[in-house]
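S.K.: One structure follows; several queries about it will come next.
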Amino acid sequence: MKLKQPSNSASQTLTSSETRLLVRETFRISANLASAPPPAPAAADQERISLRDSNFGGLVEDQFLNSSLKLICCEEIDGRRWQYFADNEISVRSGGSKQLKKNSIRAVSLQSPQAPIDELLAFVRSYVVPEGFPDSVTPSYVPYMKWRALKHFFGGAMGVFTTQTLLSSLGVSRNNVMPGAVAINWILKDGAGRVGKMLFARQGKKFDYDLKQLRFAGDLLMELGAGVELATAAVPHLFLPLACAANVAKNVGAVTSTSTRTPIYKAFARGENIGDVTSKGECVGNIADLLGTGLSIMISKRNPSLFTTFALLSCGYVMSSYQEVKSVVLHTLNRARFKVAVESFLNTGRVPSLQEGNSMENIFSPPWQKHKPIVVLGPRFKDAFQDPNSFLALEPIFEKEQYLVTYNPSKGDICALFKDQAKSDDILKAAFHAHVLLHIISSSNQNQRSSIKQEHDLSAALPTLGDLQSHIAESYKMVSALYGPFKNKAKEQGWVMSDSLLNPGRARLCGLV
């Protein structure tokens with residue numbers, strides 16, 4: 001037992017010395033770490049921390065950004081950024097090479113969601129201030145709108161009492177309660193109309209470039225509101241809801257009329273006489289309105305059929321409204337007139353004159369009409385591409401351009417996406433390119449489309465990825481040769497081209513990989 005004692009003591013002594021050594025080393029390392037600056041996280045780690053999946057709303061887990069996902073591109077809208085990823089897929093036919101899986105595109109937000117109060121303020125701003133505020137207006141706009149709002153506040157308050165007094169004076173009822181109740185119902189009806197007018201005001205800049213289409217649509221809403229008002233005679237117990245609905249439709253129509261009036265009169269004025277032109281035009285309208293009122297009073301004395309009379313007058317109103325809008329000759333190329341000019345140039349080699357282009361412009365498309373391919377400018381990436389391989393295949397073609405043009409097979413639309421450095425001429429060129437591609441696809445599918453008797457539906461003859469690449473390559477050559485002559489001939493005819501008139505979307509591609 002005594003022989004074993006020294007060995008035990010030696011091992012205990014060795015263990016104690018190692019322990020003290022480890023403690024000293026631990027303190028030394030801790031001191032060095034405390035004095036050293038904290039290491040900056042890697043860019044990939046920072047990216048992972050900030051990424052949020054827009055589809056699921058939570059923080060993106062590490063396994064979401066694993067090696068099976070490939071970053072395609074980055075997108076920016078009004079300062080907010082998204083990244084798009086797609087799943088890698090091993091192809092057996094191509095010898096085990098990796099391709100991107102179809103319909104696997106995921107949008108990932110690079111910033112935290114907005115606070116509810118910020119979203120509410122942005123929503124309110126979209127209704128009460130013009131786009132681009134305050135840079136899009138003069139400094140006097142704010143005080144003018146403050147006093148205008150205060151004026152309408154007092155006017156709305158007075159309207160309740162004046163309406164109640166008028167109804168009471170007309171002898172609605174001798175009961176003290178009835179005039180007030182009727183007045184409140186009447187005010188509610190007018191209030192609903194004002195709410196509809198306010199909501200429709202969000203159309204904003206559409207009143208500047210699609211004024212013909214909105215003007216005619218507003219007149220149709222006016223007739224719809226008049227028809228609903230007429231229906232109150234058949235169901236008087238539903239007066240309030242029907243009257244509210246009618247007033248909403250009529251006030252929306254009134255917004256389109258007042259918002260498009262100035263641009264239309266501006267097209268007529270040849271000098272600084274827009275005020276004179278506007279006042280005379282309104283005077284002509286008031287005279288015609290008084291004459292129509294007098295005629296209706298004379299007709300009503302003979303007790304004609306209410307439905308027949310209203311139908312005849314409505315037909316006359318709609319026909320006159322359509323011809324009124326068609327007679328306006330505008331010098332600007334919005335989307336509808338741009339389409340007319342490009343199609344005419346591709347088919348005949350000439351750009352139509354101002355009179356011809358305006359007369360060929362489509363004013364109204366019935367909702368029951370079959371869908372026709374359209375050109376979409378500045379859509380979201382996820383709305384333009386479903387197959388990530390098609391994007392990667394098209395990207396080298398547009399390497400020197402500030403835009404990309406593609407075909408969306410699910411919707412049958414031509415999409416033009418803009419890069420973050422796109423200027424005004426790039427947007428115009430992209431719009432021209434999109435119409436050229438639409439023309440090529442329409443021509444290539446004409447025989448097949450006629451054989452299957454679907455003259456208005458290109459989705460029945462969807463091009464494959466290879467066909468799409470060849471079509472886009474062909475369109476690229478055509479645009480390189482024809483875009484310059486098209487611009488020159490359009491200017492010779494007096495057309496004014498601007499990217500803002502084409503209403504491009506705000507999405508921009510950035511950081512293409």
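Note on naming: chains are A, B, ... as they come in the structure tokens, residues start from 1 per chain, ligands start from 1 in the order shown.
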For A:Gln355, find every residue with an atom within 10 Å (counting only C-alpha atoms), except residues of its own chain fewer than 6 positions away, and show them as a VMD selection string.

M.R.: chain A and resid 327 to 331 493

S.K.: Keeping only N, CA, C and O atoms, take the residues you just selected and write them out as a PDB file, in the first residue's frame.

M.R.:
ATOM      1  N   SER A 327     -63.556  61.646 -81.456  1.00  0.00           N
ATOM      2  CA  SER A 327     -63.239  62.839 -82.237  1.00  0.00           C
ATOM      3  C   SER A 327     -62.033  63.601 -81.696  1.00  0.00           C
ATOM      4  O   SER A 327     -61.505  64.486 -82.377  1.00  0.00           O
ATOM      5  N   VAL A 328     -61.592  63.293 -80.490  1.00  0.00           N
ATOM      6  CA  VAL A 328     -60.441  63.986 -79.897  1.00  0.00           C
ATOM      7  C   VAL A 328     -59.162  63.480 -80.556  1.00  0.00           C
ATOM      8  O   VAL A 328     -58.932  62.276 -80.644  1.00  0.00           O
ATOM      9  N   VAL A 329     -58.336  64.397 -81.002  1.00  0.00           N
ATOM     10  CA  VAL A 329     -57.052  64.056 -81.623  1.00  0.00           C
ATOM     11  C   VAL A 329     -55.937  64.491 -80.675  1.00  0.00           C
ATOM     12  O   VAL A 329     -55.719  65.686 -80.467  1.00  0.00           O
ATOM     13  N   LEU A 330     -55.255  63.516 -80.094  1.00  0.00           N
ATOM     14  CA  LEU A 330     -54.159  63.778 -79.168  1.00  0.00           C
ATOM     15  C   LEU A 330     -52.822  63.503 -79.847  1.00  0.00           C
ATOM     16  O   LEU A 330     -52.714  62.602 -80.680  1.00  0.00           O
ATOM     17  N   HIS A 331     -51.806  64.263 -79.480  1.00  0.00           N
ATOM     18  CA  HIS A 331     -50.493  64.143 -80.110  1.00  0.00           C
ATOM     19  C   HIS A 331     -49.599  63.139 -79.392  1.00  0.00           C
ATOM     20  O   HIS A 331     -48.520  62.824 -79.895  1.00  0.00           O
ATOM     21  N   GLN A 493     -44.535  62.601 -88.198  1.00  0.00           N
ATOM     22  CA  GLN A 493     -45.995  62.666 -88.196  1.00  0.00           C
ATOM     23  C   GLN A 493     -46.535  63.547 -87.069  1.00  0.00           C
ATOM     24  O   GLN A 493     -47.746  63.770 -86.988  1.00  0.00           O
TER      25      GLN A 493
END

S.K.: Near A:Asp467, counting only C-alpha atoms, which residues have an atom at most 10 Å away, once you skip same-chain residues fewer than 6 positions from it, shown as number ranges by chain?

M.R.: A: 441, 444, 473

S.K.: Between A:Asp383, A:Tyr144, A:Gln469, A:Val137, which is the closest to A:Ala107 once you count only C-alpha atoms?

M.R.: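 The closest residue to A:Ala107 is A:Asp383.
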
S.K.: Can you tell me how far atom CA of A:Ala245 sits from atom CA of A:Leu221, in Å to one decimal?

M.R.: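 These two atoms are separated by 10.9 Å.
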
S.K.: How many Å separate atom CA of A:Val351 from atom CA of A:Ala490?

M.R.: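 Separation between atom CA of A:Val351 and atom CA of A:Ala490: 6.0 Å.
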
S.K.: Could you give me, as a VMD selection string, the residues within 9 Å of A:Lys429, counting only C-alpha atoms and dropping anything in the same chain fewer than 6 positions from it?

M.R.: chain A and resid 403 479 483

S.K.: Write the residues you've just listed into a file as a CSV table (one decimal), in the first residue's frame, and include N, CA and C atoms for each of them.

M.R.:
chain,number,residue,atom,x,y,z
A,403,TYR,N,-33.0,46.3,-70.6
A,403,TYR,CA,-34.3,45.6,-70.4
A,403,TYR,C,-34.3,44.2,-70.9
A,479,VAL,N,-35.4,44.8,-84.1
A,479,VAL,CA,-35.4,46.1,-83.3
A,479,VAL,C,-34.2,46.9,-83.5
A,483,TYR,N,-35.9,50.3,-84.9
A,483,TYR,CA,-36.3,51.2,-83.8
A,483,TYR,C,-35.9,52.7,-84.2

S.K.: Going by DSSP on the backbone, which residues of stretch 336-393 of chain A come out as alpha helix (DSSP H)? List them as a ChimeraX atom specification.

M.R.: /A:336-348,354-360,381-384,388-393

S.K.: Could you jot down the atom CA of A:Val496 to atom CA of A:Tyr209 separation for me, Å, one decimal place?

M.R.: 12.0 Å

S.K.: Write out as a list in words each polymer residue whose atoms come within 8 Å of A:Glu361, counting only C-alpha atoms; drop sequence neighbours fewer than 2 positions from it.

M.R.: Ala336, Arg337, Val340, Gly357, Asn358, Ser359 and Ile363 of chain A

S.K.: Between A:Lys212, A:Ala507, A:Ala122, A:Asp425, which is the closest to A:Gly484 once you count only C-alpha atoms?

M.R.: A:Asp425

S.K.: Any chance you could list, as an NGL selection string, the residues in stretch 345-493 of chain A that come up strand (DSSP E) when DSSP is run on the backbone?

M.R.: :A and (375-377 or 403-408 or 413-419)

S.K.: Considering only C-alpha atoms, return as a list in words whatever protein or nucleic-acid residues lie within 9 Å of A:Glu223, sequence-local ones (same chain, fewer than 6 positions apart) excluded.

M.R.: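 The neighbour list is Ala249, Lys250, Ser314, Tyr317 and Val318 of chain A.
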